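Enquirer: Pasting in a structure now, in structure tokens, and then I'll have a few things to ask.
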Amino acid sequence: MQSTSRSFKANAHRALNDAVLQRALGNIKTGFQEKRRKVVEALPEFDALRDCGRDIKNHTLAHLDFYLERFEEKVIANGGTVHWCRTPAEARETILAICRRREARTVTKGKSMVAEEIGLNEFLEANAIEPVETDLGEYIIQIRHEPPSHIIAPAIHLTREQIAEDFRRHHTELDPARRLEEPRDFTDEARAQLRDRYFEADVGITGANFLIAETGSTVIVTNEGNGDMTQLLGKCHVVVASLEKVVPTLDDAATILRLLARSATGQEMSVYTTFSTGPRRPDDLDGPEEFHVVLLDNGRSAMLGTQFQDMLRCIRCAACMNHCPVYAAVGGHAYGWVYPGPMGAVLTPSLIGVEEAGHLPNASTFCGRCESVCPMRIPLPKMMRHYRTREFERGLAPPMAKGGLAVWAFLATRPTLYRFVTGMAARVLGALGRRTGRFKSLPLAGGWTGVRDMPAPEGRSFHALWAERRGGR
Amino acid sequence: MSTARDQILGSIRKSLGRETMSGEAAAELHQRLARPAQNLIPARTAGLDAEAMVRLLVIKLGEGACTVDDVASMSEVPARVAAWLQRENLPARLIQAPALKDGLDWSTAPTLEVTTGTADGSEDTSVTPAFAAIAETGTLMLLSDATTPTGLNFLPENHIAIVRRSQVVGPLEDAWSRLRAARARADGDGHTMPRSVNLISGPSRTADIEQRIQMGAHGPRRMHVIVVDG
């Protein structure tokens, strides 16, 4: 997928002024935050399980080569194939070769962020193979020709009215006057549209939430059941997964599953958790004839051993973006690539470079909510800070930021001057703003006051108040 | 020329600053896989007796939007299935997994039209046996094999699963232990796992339209669980 992360500022501005988008984003708080809070409170061991999950992933990453080799051995023993791919291009070509060999015309797809990462749909279309997204959210954005705006709720940026328009435009064989109001109407229509496509498909492509080294199984977690129909009916099951998805055992997966659904959708378990091990067996009555795992590196092996290694613990639950004030304000498309929100602000520069995505680690207030809800205890703000440092050291920071920091550094290293200047500023702004307590506009601060008021200081600097309090004791 | 596989594994080892694992360190990791240990298990199901475990299962299945029936023996199942279909106002026909063919006597529910086999997408209701039921979260574990095709769990509009009390366990980890033991003991086809293990916690649903939950996205719209004594 082509990145527009360089235009984050313009993207964010557009998003903030998009009334329909703002209405759609309003569903996040009740939809995700409340549900997660309730279900986490109902499990006293939740925090201890987070430690446990973190330790499992750290152990796996420290022995990643070992566990990937064991995983591959087991896949082969069960009659499947593992394809190792260094780059998105290699992964695309591998999948195309499988599709060509199967003489595939239609491919059904379960939801996969790695498939987005490698730009699979456009590539298949360019090669005369029709990809059909089957997750309802993915299906909606596919007919809109949009990328997902969220890693588990791809169409969260849309309202019912918008989706109704899309369905009417796309499903032209249906009665144009049909009712499309309640969520039920949409779900039924998509269900009917997609039912036959599962049976027509020559290949079914899914992602994976886990790869199990103990058994050579791949695991998907869904609520709709679309990923299951995709792999069951597609005759040839292709799993596309990045290499950090591996965990040692079924028991390790069980531990992380307790964290995943709670953190993602506020469920104790998602409706369908499916462990797939190889193609159908000689006596089986159904199941795919072939089983392939396309294992993607795309820069992840180089993240090991660096300050960004912890990011490879991520289980793609989306809790960080669901609790991020910046994501809630601008939505996922503003981030400009596949992975939005705090996890995207760290992963995107890691995968496509800080030159391309340097804005993203800056799109944070450092409020720390992402880290506080992360089930794998990934220190997201710390890693964003590493990227800010790297951006500054490489001279990639914008001139305004560099100039501003130079002025601040000059003042901050001269305490007397600093106190004098900040004291003056507080007095002057305090006097000017005494009447309303706020400023609707300020010179040099249009970026702030353009979208919100600036509170007026009350006339004294913090230093002055602190000195007075200590003096009075 | 080295392959992509060698290069990726080489890159991982270079980043981790070591060679291929060998000797005692590798043996330890092999042990971790050969004798999987349980991690922290929530106390929710600890110390529950069989009755309390089933009670918890029923509560949790209900939270997952399943309906639940409790019967004393397999001979009662057909009549209960017929009653449930009637109560839900559903057609009096169903398809059962071949595994149930000898265990269920449908002559006690003469109004039902019963077929046996795999699903092709046209079926209203399926009846399948579970391998285990996980009380902690209200989750059924269903396996694929020569008599339990996976399609029956997903394609019909309604899904009825049958589980025996003796198959109810506390946490998922206990179901894994039972599965490993059963695979080591029984079919000996050399596979550590059946092709498909489905953990199912209720009817299919989605919240992709404005975050509002809607049942019956692609899979079954209703799920009914019958717990049988024994």
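Ordered as shown in the structure tokens, chains take letters A, B, and onward, while each chain numbers its residues from 1 and ligands are numbered from 1 in the order shown.
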Residues of region 307-425 of chain A in alpha helix (DSSP H) according to DSSP, as JSON, numbers by chain?
Expert: {"A": [319, 320, 321, 322, 325, 326, 327, 328, 329, 330, 341, 342, 343, 344, 345, 346, 347, 348, 349, 350, 351, 352, 354, 355, 356, 357, 369, 370, 371, 372, 373, 380, 381, 382, 383, 384, 385, 386, 387, 388, 389, 390, 391, 392, 393, 399, 400, 401, 402, 403, 404, 405, 406, 407, 408, 409, 410, 411, 412, 415, 416, 417, 418, 419, 420, 421, 422, 423, 424, 425]}
Enquirer: Residues near region 121-133 of chain A, anyone? I mean within 10 Å using only C-alpha atoms, not counting same-chain ones fewer than 2 positions away, as number ranges by chain.
Expert: A: 1, 89, 92-93, 95-96, 99-100, 103-112, 115-116, 118-119, 135-143, 194, 197-198, 201, 203-205, 226-227, 230
Enquirer: Run DSSP on the backbone of this structure and report the residues of region 71-317 of chain A it assigns to strand (DSSP E or B), as a PyMOL selection string.
Expert: chain A and resi 81-85+106-109+130-133+203-206+210-212+217-222+236-242+246-247+272-276+290-296
Enquirer: Please provide the set of residues having any atom within 8 Å of region 189-205 of chain B, restricted to only C-alpha atoms, with same-chain residues fewer than 3 positions apart removed, written as a PyMOL selection string.
Expert: (chain A and resi 77-78+215+223-225+269-281) or (chain B and resi 61+64-66+137-145+150+180+183-184+213-223)
Enquirer: Please identify all polymer residues within 8 Å of region 56-66 of chain A, counting only C-alpha atoms, omitting same-chain residues fewer than 3 positions from it, and present them as a PDB file with C-alpha atoms, in the first residue's frame.
Expert:
```
ATOM      1  CA  CYS A  52       2.721 -13.668  31.527  1.00  0.00           C
ATOM      2  CA  GLY A  53       1.883 -12.775  27.922  1.00  0.00           C
ATOM      3  CA  GLU A  69      12.001 -23.874  12.310  1.00  0.00           C
ATOM      4  CA  ARG A  70       9.940 -26.099  14.615  1.00  0.00           C
ATOM      5  CA  GLU A 244       6.536 -12.691  14.955  1.00  0.00           C
ATOM      6  CA  VAL A 246       4.682 -17.633  16.336  1.00  0.00           C
ATOM      7  CA  VAL A 247       4.241 -18.826  19.941  1.00  0.00           C
ATOM      8  CA  PRO A 248       5.669 -22.058  21.348  1.00  0.00           C
ATOM      9  CA  ASP A 252       0.925 -20.207  25.412  1.00  0.00           C
ATOM     10  CA  LEU A 304      15.116  -7.745  16.896  1.00  0.00           C
ATOM     11  CA  ASP A 310       9.212  -4.886  22.072  1.00  0.00           C
ATOM     12  CA  LEU A 312       7.110  -7.382  17.909  1.00  0.00           C
ATOM     13  CA  ARG A 313       5.067  -8.511  20.935  1.00  0.00           C
TER      14      ARG A 313
ATOM     15  CA  LEU B   9      16.885 -17.064   9.735  1.00  0.00           C
ATOM     16  CA  ILE B  12      17.207 -13.154  12.979  1.00  0.00           C
ATOM     17  CA  ARG B  13      20.391 -14.733  14.378  1.00  0.00           C
ATOM     18  CA  LEU B  16      19.991 -11.668  18.261  1.00  0.00           C
ATOM     19  CA  THR B  20      21.963 -21.536  15.596  1.00  0.00           C
ATOM     20  CA  MET B  21      20.756 -22.837  18.959  1.00  0.00           C
TER      21      MET B  21
END
```
Enquirer: Within 12 Å of Ser75 (chain B), counting only C-alpha atoms, which residues qualify if same-chain residues fewer than 6 places away don't, as an MDAnalysis selection string?
Expert: chainID B and resid 81 100 102:109 228:229
Enquirer: Check the smallest atom-to-atom distance from each of B:Gly47, B:Gly170, B:Gly117, B:Gly23 to chain A using only C-alpha atoms, then report the winner.
Expert: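 Among B:Gly47, B:Gly170, B:Gly117, B:Gly23, it is B:Gly117 that comes nearest to chain A.
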Enquirer: For each of B:Leu56, B:Ala207, B:Ile160, B:Ala182, take the minimum atom-to-atom distance to chain A, counting only C-alpha atoms, then give the residue where this is smallest.
Expert: B:Ala207
Enquirer: Applying 10 Å and only C-alpha atoms, which residues near Ser122 (chain B) remain after dropping the ones on its own chain fewer than 5 positions away? List them as a PyMOL selection string.
Expert: chain B and resi 155-157
Enquirer: Selected residues, C-alpha atoms, written as a CSV table (one decimal), in the first residue's frame, please.
Expert:
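Generated file (result.csv):
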```csv
chain,number,residue,atom,x,y,z
B,155,LEU,CA,-22.9,-23.2,7.1
B,156,PRO,CA,-26.4,-23.9,8.6
B,157,GLU,CA,-28.5,-21.1,9.9
```
Enquirer: Identify, on the basis of only C-alpha atoms, every residue whose closest approach to Arg369 (chain A) does not exceed 7 Å; exclude the query and any residue fewer than 3 positions from it along the same chain; express the result as a PyMOL selection string.
Expert: chain A and resi 323-324+372-373
